[in-house]
>>> print(open('protein-v5.txt').read())   # compact mmCIF, C-alpha atoms
# COMPACT_ATOMS: atom_id res chain seq x y z
CA MET A 1 0.00 0.00 0.00
CA THR A 2 1.36 3.42 -0.98
CA ASP A 3 2.43 5.65 1.90
CA THR A 4 0.77 9.01 1.25
CA ARG A 5 2.32 10.82 4.22
CA ALA A 6 4.41 13.89 3.46
CA LEU A 7 8.15 13.31 2.99
CA VAL A 8 10.29 15.32 5.43
CA LEU A 9 14.08 15.65 5.48
CA PHE A 10 15.68 15.66 8.96
CA ASP A 11 19.35 16.44 9.53
CA CYS A 12 19.41 13.61 12.11
CA PRO A 13 16.92 11.61 14.21
CA PHE A 14 15.58 12.67 17.57
CA LEU A 15 15.75 10.24 20.47
CA PRO A 16 13.46 7.31 19.52
CA GLU A 17 10.69 8.34 21.91
CA PHE A 18 10.60 11.83 20.36
CA GLN A 19 11.08 10.65 16.76
CA THR A 20 7.94 8.53 17.10
CA LEU A 21 5.94 11.75 17.46
CA PHE A 22 6.98 12.68 13.92
CA GLN A 23 6.79 9.21 12.37
CA ASN A 24 3.13 9.03 13.33
CA HIS A 25 2.49 11.90 10.89
CA VAL A 26 5.19 12.03 8.18
CA ARG A 27 7.74 9.94 6.33
CA CYS A 28 11.19 10.69 7.72
CA VAL A 29 14.48 10.74 5.81
CA PHE A 30 17.72 11.53 7.66
CA LEU A 31 20.81 13.22 6.27
CA THR A 32 22.99 11.35 8.76
CA GLU A 33 21.84 8.03 7.30
CA LEU A 34 22.12 9.16 3.67
CA LEU A 35 25.67 10.42 4.27
CA SER A 36 26.81 7.91 6.92
CA LYS A 37 28.05 10.85 8.97
CA ASP A 38 27.34 12.32 12.38
CA ALA A 39 25.31 15.53 12.28
CA ASP A 40 28.27 17.53 13.62
CA GLU A 41 30.31 16.49 10.56
CA ILE A 42 27.78 17.58 7.94
CA VAL A 43 28.56 20.74 6.00
CA THR A 44 26.74 22.63 3.26
CA ALA A 45 28.56 20.73 0.51
CA ASP A 46 27.20 17.44 1.92
CA VAL A 47 23.63 18.75 1.79
CA GLN A 48 24.18 19.92 -1.80
CA SER A 49 25.58 16.51 -2.76
CA VAL A 50 22.63 14.58 -1.33
CA LEU A 51 20.06 16.80 -2.99
CA ALA A 52 21.88 16.76 -6.33
CA ASN A 53 21.99 12.96 -6.45
CA ASP A 54 18.53 12.05 -5.13
CA ILE A 55 15.88 12.93 -7.70
CA SER A 56 12.96 11.53 -5.68
CA LEU A 57 14.00 13.50 -2.60
CA ARG A 58 14.16 16.72 -4.61
CA SER A 59 10.67 16.23 -6.01
CA GLU A 60 8.89 14.72 -2.99
CA CYS A 61 10.39 16.50 0.02
CA VAL A 62 8.01 19.19 1.30
CA ALA A 63 9.64 20.09 4.63
CA VAL A 64 12.93 20.16 6.51
CA VAL A 65 13.44 19.64 10.25
CA SER A 66 16.66 20.88 11.83
CA VAL A 67 17.48 18.89 14.96
CA ARG A 68 21.23 19.41 15.35
CA HIS A 69 21.83 22.72 13.54
CA VAL A 70 23.21 21.50 10.23
CA PRO A 71 23.41 24.60 7.97
CA PHE A 72 20.48 25.06 5.57
CA GLY A 73 20.10 27.83 3.00
CA VAL A 74 20.06 28.35 -0.76
CA GLU A 75 20.99 24.71 -1.37
CA LEU A 76 17.32 23.98 -0.56
CA GLU A 77 16.38 25.72 -3.83
CA VAL A 78 16.23 22.33 -5.56
CA LEU A 79 13.41 21.26 -3.23
CA SER A 80 10.73 22.59 -5.54
CA ASN A 81 7.83 21.71 -3.23
CA LEU A 82 9.35 22.94 0.05
CA ARG A 83 6.71 24.48 2.34
CA VAL A 84 8.23 24.75 5.81
CA VAL A 85 11.48 24.49 7.77
CA SER A 86 11.01 23.62 11.44
CA ASN A 87 13.95 24.26 13.77
CA HIS A 88 14.34 22.35 17.04
CA GLY A 89 15.81 25.10 19.20
CA VAL A 90 15.67 28.81 19.83
CA GLY A 91 18.85 29.63 17.86
CA TYR A 92 18.43 29.58 14.09
CA GLY A 93 21.61 31.29 12.91
CA HIS A 94 22.50 28.14 10.91
CA ILE A 95 19.41 28.65 8.73
CA ASP A 96 19.24 31.33 6.02
CA ALA A 97 16.03 32.94 7.24
CA ALA A 98 16.18 35.73 4.65
CA TYR A 99 16.36 33.23 1.80
CA LEU A 100 13.36 31.29 3.15
CA GLN A 101 11.36 34.49 3.61
CA ASN A 102 12.08 35.64 0.06
CA ARG A 103 11.01 32.24 -1.21
CA GLY A 104 7.82 32.24 0.86
CA VAL A 105 8.81 29.20 2.93
CA SER A 106 7.68 29.28 6.57
CA LEU A 107 10.34 29.02 9.29
CA GLY A 108 9.51 27.97 12.83
CA PHE A 109 11.51 27.56 16.03
CA THR A 110 10.96 26.61 19.67
CA PRO A 111 11.27 29.74 21.83
CA GLN A 112 10.95 30.21 25.60
CA VAL A 113 11.31 26.56 26.66
CA PRO A 114 15.10 26.28 26.26
CA SER A 115 15.62 29.83 27.52
CA SER A 116 14.61 29.20 31.13
CA CYS A 117 16.31 25.82 31.22
CA THR A 118 19.57 27.25 29.85
CA ALA A 119 19.40 30.12 32.35
CA GLU A 120 19.23 27.50 35.10
CA LEU A 121 22.47 26.00 33.80
CA GLY A 122 23.92 29.53 33.72
CA ALA A 123 23.26 29.87 37.44
CA ALA A 124 25.00 26.54 38.00
CA LEU A 125 28.04 27.62 35.97
CA ILE A 126 28.33 30.87 37.93
CA LEU A 127 28.30 28.96 41.22
CA ALA A 128 30.59 26.17 39.99
CA SER A 129 33.20 28.59 38.67
CA ALA A 130 33.04 30.89 41.69
CA ARG A 131 33.43 28.09 44.23
CA ASN A 132 35.88 25.90 42.25
CA ILE A 133 33.41 23.02 42.34
CA VAL A 134 34.93 20.92 39.54
CA THR A 135 38.51 21.29 40.75
CA SER A 136 37.42 20.61 44.33
CA VAL A 137 35.66 17.38 43.37
CA ARG A 138 38.70 16.20 41.40
CA ARG A 139 41.04 16.88 44.31
CA ALA A 140 38.71 15.43 46.93
CA THR A 141 38.33 12.17 44.98
CA SER A 142 41.90 11.87 43.63
CA PRO A 143 43.88 8.86 44.88
CA ASP A 144 46.86 11.23 45.23
CA THR A 145 45.10 13.48 47.76
CA THR A 146 46.32 12.93 51.33
CA ARG A 147 45.18 16.26 52.82
CA PHE A 148 42.76 19.00 51.90
CA ASP A 149 44.16 22.41 50.99
CA PRO A 150 42.60 24.99 53.38
CA ASP A 151 43.80 27.84 51.15
CA MET A 152 42.07 26.82 47.91
CA TYR A 153 39.79 29.83 47.95
CA GLY A 154 36.79 30.50 45.80
CA ARG A 155 34.76 33.69 45.77
CA ARG A 156 31.35 34.71 47.05
CA VAL A 157 28.49 35.05 44.59
CA ALA A 158 26.24 36.80 47.08
CA GLY A 159 26.74 40.55 46.83
CA ALA A 160 28.78 40.34 43.62
CA THR A 161 27.86 42.19 40.42
CA LEU A 162 26.25 40.24 37.59
CA GLY A 163 26.32 41.61 34.05
CA ILE A 164 23.92 40.09 31.52
CA ILE A 165 24.57 40.68 27.82
CA GLY A 166 21.28 40.18 26.00
CA PHE A 167 18.07 40.48 27.97
CA GLY A 168 15.53 38.37 26.15
CA ALA A 169 13.79 35.40 27.74
CA MET A 170 17.04 33.73 28.81
CA GLY A 171 18.61 36.84 30.30
CA GLN A 172 15.45 37.69 32.21
CA ALA A 173 15.16 34.12 33.53
CA LEU A 174 18.76 34.28 34.73
CA ALA A 175 18.08 37.57 36.55
CA THR A 176 15.07 35.96 38.22
CA TYR A 177 17.11 32.98 39.41
CA MET A 178 20.04 35.06 40.70
CA ARG A 179 17.93 37.59 42.62
CA GLY A 180 18.11 35.37 45.69
CA PHE A 181 21.87 35.95 45.91
CA GLU A 182 21.33 39.69 46.41
CA MET A 183 23.61 40.49 43.49
CA GLU A 184 23.79 43.89 41.88
CA MET A 185 22.47 43.11 38.41
CA LEU A 186 23.27 45.07 35.26
CA TYR A 187 22.21 44.32 31.73
CA TRP A 188 22.83 45.48 28.20
CA SER A 189 20.57 44.94 25.25
CA ARG A 190 19.83 47.01 22.18
CA THR A 191 16.46 47.95 23.64
CA ARG A 192 15.54 48.53 27.27
CA LYS A 193 13.05 46.08 28.75
CA ALA A 194 9.89 46.95 30.68
CA THR A 195 10.70 44.15 33.14
CA GLU A 196 13.85 45.81 34.48
CA THR A 197 12.07 47.41 37.43
CA VAL A 198 10.35 44.28 38.71
CA LEU A 199 13.53 42.23 38.17
CA ARG A 200 15.62 44.90 39.90
CA VAL A 201 18.17 45.17 37.12
CA CYS A 202 19.80 48.29 35.71
CA TRP A 203 20.40 48.97 32.02
CA CYS A 204 23.91 50.22 31.24
CA GLY A 205 26.02 50.68 28.16
CA LEU A 206 27.97 47.61 27.11
CA ASP A 207 31.33 48.99 28.23
CA GLU A 208 29.96 49.82 31.68
CA VAL A 209 28.48 46.35 32.10
CA LEU A 210 31.85 44.83 31.20
CA SER A 211 33.88 47.07 33.50
CA ARG A 212 31.66 46.76 36.58
CA SER A 213 30.69 43.08 36.53
CA ASP A 214 32.23 40.21 38.46
CA PHE A 215 30.39 37.72 36.24
CA VAL A 216 29.60 38.59 32.62
CA VAL A 217 27.00 36.22 31.12
CA LEU A 218 26.33 36.10 27.38
CA CYS A 219 22.65 35.48 26.67
CA ILE A 220 22.53 37.28 23.31
CA ALA A 221 21.32 35.57 20.15
CA SER A 222 23.85 34.83 17.43
CA SER A 223 23.46 37.25 14.52
CA PRO A 224 25.72 39.05 12.06
CA GLU A 225 25.86 41.93 14.57
CA SER A 226 26.72 39.82 17.62
CA ARG A 227 29.15 37.29 16.14
CA GLY A 228 32.64 38.06 17.36
CA MET A 229 31.43 40.85 19.65
CA MET A 230 33.54 39.54 22.55
CA GLY A 231 37.23 39.80 21.80
CA ALA A 232 40.47 41.24 23.15
CA GLU A 233 39.11 44.79 23.34
CA GLN A 234 36.13 43.72 25.42
CA PHE A 235 38.20 41.45 27.69
CA ARG A 236 40.53 44.36 28.49
CA LYS A 237 37.49 46.32 29.71
CA MET A 238 36.54 43.56 32.17
CA LYS A 239 37.91 43.22 35.69
CA ASP A 240 40.95 40.97 35.95
CA SER A 241 38.98 39.09 38.61
CA ALA A 242 35.92 38.60 36.37
CA THR A 243 34.51 35.37 34.93
CA LEU A 244 32.94 35.15 31.48
CA VAL A 245 29.98 32.77 31.08
CA ASN A 246 28.67 31.91 27.60
CA LEU A 247 25.16 30.47 27.25
CA SER A 248 24.41 31.69 23.73
CA ARG A 249 26.61 30.50 20.83
CA GLY A 250 30.31 29.89 20.50
CA ASP A 251 30.69 32.36 17.65
CA ILE A 252 29.83 35.31 19.94
CA ILE A 253 33.41 35.03 21.28
CA ILE A 254 36.64 35.35 19.33
CA GLN A 255 37.96 32.18 20.87
CA ASP A 256 41.70 32.61 20.26
CA GLU A 257 41.52 36.01 21.95
CA LEU A 258 39.71 34.44 24.90
CA VAL A 259 42.55 31.96 25.26
CA THR A 260 45.04 34.83 25.32
CA ALA A 261 42.98 36.77 27.87
CA LEU A 262 42.83 33.75 30.18
CA GLU A 263 46.51 32.90 29.82
CA SER A 264 47.59 36.48 30.46
CA GLY A 265 45.31 37.05 33.45
CA THR A 266 43.32 39.74 31.65
CA ILE A 267 40.24 37.96 33.02
CA ALA A 268 40.14 35.34 35.76
CA GLY A 269 38.11 32.55 34.22
CA ALA A 270 35.44 31.32 31.82
CA ALA A 271 32.51 28.93 32.00
CA LEU A 272 31.29 27.89 28.57
CA ASP A 273 28.27 25.82 27.58
CA VAL A 274 28.98 26.60 23.92
CA THR A 275 32.18 26.71 21.88
CA SER A 276 33.18 26.91 18.23
CA PRO A 277 33.41 24.22 17.00
CA GLU A 278 31.57 21.71 19.16
CA PRO A 279 33.20 19.72 20.50
CA LEU A 280 36.55 21.48 20.56
CA PRO A 281 39.56 19.60 19.14
CA ARG A 282 40.97 17.47 21.93
CA ASP A 283 44.23 19.41 21.94
CA HIS A 284 42.56 22.82 22.26
CA PRO A 285 44.16 24.98 24.98
CA LEU A 286 40.79 25.76 26.62
CA LEU A 287 40.50 22.10 27.58
CA ARG A 288 43.72 22.23 29.62
CA MET A 289 43.00 25.35 31.67
CA GLU A 290 42.18 25.05 35.37
CA ASN A 291 40.25 28.33 35.22
CA VAL A 292 37.86 27.15 32.48
CA LEU A 293 34.70 25.05 32.79
CA ILE A 294 33.15 23.60 29.64
CA THR A 295 29.83 21.77 29.39
CA PRO A 296 28.66 20.05 26.17
CA HIS A 297 26.00 22.53 24.95
CA SER A 298 23.61 21.08 27.50
CA GLY A 299 21.61 24.18 28.43
CA SER A 300 18.28 22.68 27.41
CA ALA A 301 19.24 19.08 28.11
CA THR A 302 16.48 17.92 30.41
CA LYS A 303 14.10 15.29 29.12
CA GLY A 304 11.00 17.33 29.87
CA ASP A 305 12.30 20.43 28.08
CA ARG A 306 13.55 18.49 25.07
CA ARG A 307 10.21 16.72 24.74
CA ARG A 308 8.34 20.03 24.84
CA MET A 309 10.71 21.42 22.20
CA ALA A 310 10.08 18.37 20.00
CA GLU A 311 6.33 18.87 20.38
CA MET A 312 6.62 22.54 19.38
CA CYS A 313 8.81 21.58 16.43
CA LEU A 314 6.15 19.09 15.32
CA GLN A 315 3.36 21.65 15.73
CA ASN A 316 5.24 24.06 13.46
CA LEU A 317 5.88 21.30 10.93
CA LEU A 318 2.26 20.14 10.73
CA ALA A 319 0.89 23.69 10.54
CA GLY A 320 3.29 24.46 7.69
CA LEU A 321 2.28 21.32 5.82
CA ARG A 322 -1.37 22.33 6.12
CA GLY A 323 -0.59 25.82 4.82
CA GLU A 324 -1.54 27.40 8.15
CA ALA A 325 0.26 30.07 10.18
CA LEU A 326 2.92 28.52 12.38
CA PRO A 327 2.23 28.60 16.13
CA PHE A 328 5.90 29.48 16.82
CA PRO A 329 7.19 31.42 13.80
CA VAL A 330 10.56 33.10 13.53
>>> encode(input="protein-v5.txt", output="structure tokens")
Amino acid sequence: MTDTRALVLFDCPFLPEFQTLFQNHVRCVFLTELLSKDADEIVTADVQSVLANDISLRSECVAVVSVRHVPFGVELEVLSNLRVVSNHGVGYGHIDAAYLQNRGVSLGFTPQVPSSCTAELGAALILASARNIVTSVRRATSPDTTRFDPDMYGRRVAGATLGIIGFGAMGQALATYMRGFEMEMLYWSRTRKATETVLRVCWCGLDEVLSRSDFVVLCIASSPESRGMMGAEQFRKMKDSATLVNLSRGDIIIQDELVTALESGTIAGAALDVTSPEPLPRDHPLLRMENVLITPHSGSATKGDRRRMAEMCLQNLLAGLRGEALPFPV
């Protein structure tokens, strides 16, 4: 019997329990299986190659789902019946939104849900870096440890100054979580937010946020304007005792200049949930630094949040296939 369900191209599968949500509605084809590559290894040329060599895919595919942020843009031109691209995540810098808009193809994403969850991880990274949690655990559990060092000092978070760069849903959630530590909270965004009074945060210029903050947290979306906005010049404006926390995207930071700033003592430390690339090469200097914490882009990695994101991604996909307005459009 002919399967009449719409054909949808995924960059890679979801976890089986989430993928079933989609398979109940559409036929699923995966770039990772067509290319025999991990999603992190797929580049634009791979997408072009698959689409150039698969005539049935070019003619039948009506939607694309981005699970792991493989780049999608003008190479989708050959998908003559494309109706919708549904992104699993709040960041969509890997998708050429302007191209899709000009073509009349709907683009959806999954806002809000990952923002609060990632802000929660941000609070954990601030605390872990301030109190040397990772180093302390390693030393406490090492077979070489025969005594505890009473002079391995951390620093207090309570009463310190928090600077938030980007004050959308994630930045505001972080301010909410950190209020209990009685921090002075500053923020910078291109527009002032009506919530600043209730959240007890103060808008300042970017340079002032950098110079006054003990913890600078990047919550800004990746865009042509924000990519590379944190480099040597900005690090020199920070306190030499400050810690940089990145919750947004690795390309916000000029990474080589961060390495230099950490090695030279221009800033005290960094806690990074995102890097460029991901994962970093195993010989990268950031991986060897005692004053750096790195987590594997796990800001939204709770099962409940990922399931809700998958459900929102599916809702966008099905609405687009029906020709309806997306519930969560970009």
>>> closest_residue(input="protein-v5.txt", among="A:Phe109, A:His297, A:His94, A:Arg58", to="A:Pro279", atoms="all atoms listed in the file")
A:His297
>>> residues_near_point(input="protein-v5.txt", point="(41.7, 40.4, 22.3)", cutoff="7 Å", atoms="only C-alpha atoms", output="PDB file with C-alpha atoms, in the frame of the given file")
ATOM      1  CA  GLY A 231      37.230  39.800  21.800  1.00  0.00           C
ATOM      2  CA  ALA A 232      40.470  41.240  23.150  1.00  0.00           C
ATOM      3  CA  GLU A 233      39.110  44.790  23.340  1.00  0.00           C
ATOM      4  CA  PHE A 235      38.200  41.450  27.690  1.00  0.00           C
ATOM      5  CA  GLU A 257      41.520  36.010  21.950  1.00  0.00           C
ATOM      6  CA  LEU A 258      39.710  34.440  24.900  1.00  0.00           C
ATOM      7  CA  ALA A 261      42.980  36.770  27.870  1.00  0.00           C
TER       8      ALA A 261
END
>>> atom_distance(input="protein-v5.txt", atom1="atom CA of A:Met178", atom2="atom CA of A:Ala310")
28.4 Å
>>> closest_atom_pairs(input="protein-v5.txt", of="stretch 99-171 of chain A", to="stretch 179-200 of chain A", cutoff="12 Å", atoms="only C-alpha atoms", output="JSON lines")
{"residue": "A:Ala123", "atom": "CA", "partner": "A:Phe181", "partner_atom": "CA", "distance": 10.5}
{"residue": "A:Ile126", "atom": "CA", "partner": "A:Phe181", "partner_atom": "CA", "distance": 11.5}
{"residue": "A:Leu127", "atom": "CA", "partner": "A:Phe181", "partner_atom": "CA", "distance": 10.6}
{"residue": "A:Arg156", "atom": "CA", "partner": "A:Phe181", "partner_atom": "CA", "distance": 9.6}
{"residue": "A:Val157", "atom": "CA", "partner": "A:Phe181", "partner_atom": "CA", "distance": 6.8}
{"residue": "A:Ala158", "atom": "CA", "partner": "A:Phe181", "partner_atom": "CA", "distance": 4.6}
{"residue": "A:Gly159", "atom": "CA", "partner": "A:Met183", "partner_atom": "CA", "distance": 4.6}
{"residue": "A:Ala160", "atom": "CA", "partner": "A:Met183", "partner_atom": "CA", "distance": 5.2}
{"residue": "A:Thr161", "atom": "CA", "partner": "A:Glu184", "partner_atom": "CA", "distance": 4.6}
{"residue": "A:Leu162", "atom": "CA", "partner": "A:Met185", "partner_atom": "CA", "distance": 4.8}
{"residue": "A:Gly163", "atom": "CA", "partner": "A:Leu186", "partner_atom": "CA", "distance": 4.8}
{"residue": "A:Ile164", "atom": "CA", "partner": "A:Tyr187", "partner_atom": "CA", "distance": 4.6}
{"residue": "A:Ile165", "atom": "CA", "partner": "A:Trp188", "partner_atom": "CA", "distance": 5.1}
{"residue": "A:Gly166", "atom": "CA", "partner": "A:Ser189", "partner_atom": "CA", "distance": 4.9}
{"residue": "A:Phe167", "atom": "CA", "partner": "A:Ser189", "partner_atom": "CA", "distance": 5.8}
{"residue": "A:Gly168", "atom": "CA", "partner": "A:Ser189", "partner_atom": "CA", "distance": 8.3}
{"residue": "A:Ala169", "atom": "CA", "partner": "A:Thr195", "partner_atom": "CA", "distance": 10.7}
{"residue": "A:Gly171", "atom": "CA", "partner": "A:Tyr187", "partner_atom": "CA", "distance": 8.4}
>>> closest_residue(input="protein-v5.txt", among="A:Leu107, A:Val50, A:Val209, A:Ile252", to="A:Ser223", atoms="all atoms listed in the file")
A:Ile252
>>> residues_around(input="protein-v5.txt", residues="stretch 75-86 of chain A", least_positions_apart="6", cutoff="6 Å", atoms="all atoms listed in the file", output="list in words")
Gln48, Arg58, Val62, Ala63, Val64, Val65, Val105, Ser106, Leu107, Gly108, Cys313, Leu317 and Gly320 of chain A
>>> residues_near_point(input="protein-v5.txt", point="(35.5, 22.2, 33.3)", cutoff="10 Å", atoms="only C-alpha atoms", output="list in words")
Leu125, Ala128, Ser129, Asn132, Ile133, Val134, Thr135, Ala270, Ala271, Leu272, Asp273, Leu286, Leu287, Arg288, Met289, Glu290, Asn291, Val292, Leu293, Ile294 and Thr295 of chain A
>>> closest_residue(input="protein-v5.txt", among="A:Leu35, A:Leu244, A:Ile254, A:Leu206", to="A:Pro277", atoms="only C-alpha atoms")
A:Ile254
>>> atom_distance(input="protein-v5.txt", atom1="atom CA of A:Ala319", atom2="atom CA of A:Pro224")
29.2 Å
>>> closest_residue(input="protein-v5.txt", among="A:Ser300, A:Pro327, A:Arg5, A:Asp283", to="A:Gln315", atoms="all atoms listed in the file")
A:Pro327
>>> closest_residue(input="protein-v5.txt", among="A:Ala242, A:Met152, A:Val26, A:Leu34", to="A:Ala268", atoms="only C-alpha atoms")
A:Ala242
>>> atom_distance(input="protein-v5.txt", atom1="atom CA of A:Thr2", atom2="atom CA of A:Phe22")
18.4 Å
>>> axis_aligned_box(input="protein-v5.txt", around="stretch 79-96 of chain A", padding_each_side="5 Å", output="JSON")
{"center_x": 14.6, "center_y": 26.3, "center_z": 7.1, "size_x": 25.8, "size_y": 20.1, "size_z": 35.4}
>>> decode(input="protein-v5.txt", residues="stretch 54-76 of chain A", atoms="N, CA, C and O atoms", output="tab-separated table (two decimals), in the first residue's frame")
chain	number	residue	atom	x	y	z
A	54	ASP	N	19.75	12.78	-5.49
A	54	ASP	CA	18.53	12.05	-5.13
A	54	ASP	C	17.33	12.75	-5.76
A	54	ASP	O	16.76	13.70	-5.21
A	55	ILE	N	16.95	12.28	-6.94
A	55	ILE	CA	15.88	12.93	-7.70
A	55	ILE	C	14.55	12.84	-6.96
A	55	ILE	O	13.79	13.81	-6.89
A	56	SER	N	14.25	11.69	-6.37
A	56	SER	CA	12.96	11.53	-5.68
A	56	SER	C	12.88	12.44	-4.47
A	56	SER	O	11.82	13.01	-4.17
A	57	LEU	N	13.99	12.61	-3.76
A	57	LEU	CA	14.00	13.50	-2.60
A	57	LEU	C	13.74	14.93	-3.04
A	57	LEU	O	12.96	15.66	-2.40
A	58	ARG	N	14.36	15.36	-4.13
A	58	ARG	CA	14.16	16.72	-4.61
A	58	ARG	C	12.72	17.00	-4.98
A	58	ARG	O	12.20	18.09	-4.74
A	59	SER	N	12.04	16.01	-5.54
A	59	SER	CA	10.67	16.23	-6.01
A	59	SER	C	9.62	16.01	-4.92
A	59	SER	O	8.57	16.65	-4.92
A	60	GLU	N	9.91	15.11	-3.97
A	60	GLU	CA	8.89	14.72	-2.99
A	60	GLU	C	9.00	15.46	-1.65
A	60	GLU	O	8.01	15.58	-0.93
A	61	CYS	N	10.19	15.90	-1.31
A	61	CYS	CA	10.39	16.50	0.02
A	61	CYS	C	9.65	17.83	0.12
A	61	CYS	O	9.84	18.73	-0.71
A	62	VAL	N	8.81	17.97	1.14
A	62	VAL	CA	8.01	19.19	1.30
A	62	VAL	C	8.37	19.96	2.57
A	62	VAL	O	7.84	21.05	2.81
A	63	ALA	N	9.28	19.41	3.38
A	63	ALA	CA	9.64	20.09	4.63
A	63	ALA	C	11.00	19.62	5.10
A	63	ALA	O	11.47	18.54	4.75
A	64	VAL	N	11.63	20.47	5.91
A	64	VAL	CA	12.93	20.16	6.51
A	64	VAL	C	12.82	20.40	8.01
A	64	VAL	O	12.24	21.39	8.46
A	65	VAL	N	13.37	19.48	8.80
A	65	VAL	CA	13.44	19.64	10.25
A	65	VAL	C	14.91	19.66	10.65
A	65	VAL	O	15.68	18.75	10.33
A	66	SER	N	15.30	20.72	11.34
A	66	SER	CA	16.66	20.88	11.83
A	66	SER	C	16.72	20.50	13.31
A	66	SER	O	16.17	21.21	14.15
A	67	VAL	N	17.37	19.39	13.59
A	67	VAL	CA	17.48	18.89	14.96
A	67	VAL	C	18.80	19.30	15.59
A	67	VAL	O	18.87	19.75	16.73
A	68	ARG	N	19.89	19.20	14.81
A	68	ARG	CA	21.23	19.41	15.35
A	68	ARG	C	21.97	20.56	14.66
A	68	ARG	O	23.18	20.60	14.65
A	69	HIS	N	21.25	21.47	14.04
A	69	HIS	CA	21.83	22.72	13.54
A	69	HIS	C	22.82	22.53	12.40
A	69	HIS	O	23.82	23.23	12.29
A	70	VAL	N	22.51	21.57	11.52
A	70	VAL	CA	23.21	21.50	10.23
A	70	VAL	C	22.82	22.73	9.42
A	70	VAL	O	21.66	23.15	9.43
A	71	PRO	N	23.76	23.37	8.72
A	71	PRO	CA	23.41	24.60	7.97
A	71	PRO	C	22.47	24.32	6.80
A	71	PRO	O	22.69	23.38	6.02
A	72	PHE	N	21.44	25.14	6.68
A	72	PHE	CA	20.48	25.06	5.57
A	72	PHE	C	20.29	26.45	4.99
A	72	PHE	O	20.10	27.42	5.74
A	73	GLY	N	20.31	26.54	3.66
A	73	GLY	CA	20.10	27.83	3.00
A	73	GLY	C	19.74	27.64	1.55
A	73	GLY	O	18.86	26.84	1.22
A	74	VAL	N	20.44	28.34	0.66
A	74	VAL	CA	20.06	28.35	-0.76
A	74	VAL	C	20.17	26.98	-1.41
A	74	VAL	O	19.57	26.76	-2.47
A	75	GLU	N	20.91	26.06	-0.80
A	75	GLU	CA	20.99	24.71	-1.37
A	75	GLU	C	19.62	24.02	-1.37
A	75	GLU	O	19.40	23.03	-2.07
A	76	LEU	N	18.68	24.54	-0.58
A	76	LEU	CA	17.32	23.98	-0.56
A	76	LEU	C	16.51	24.41	-1.78
A	76	LEU	O	15.36	23.98	-1.94
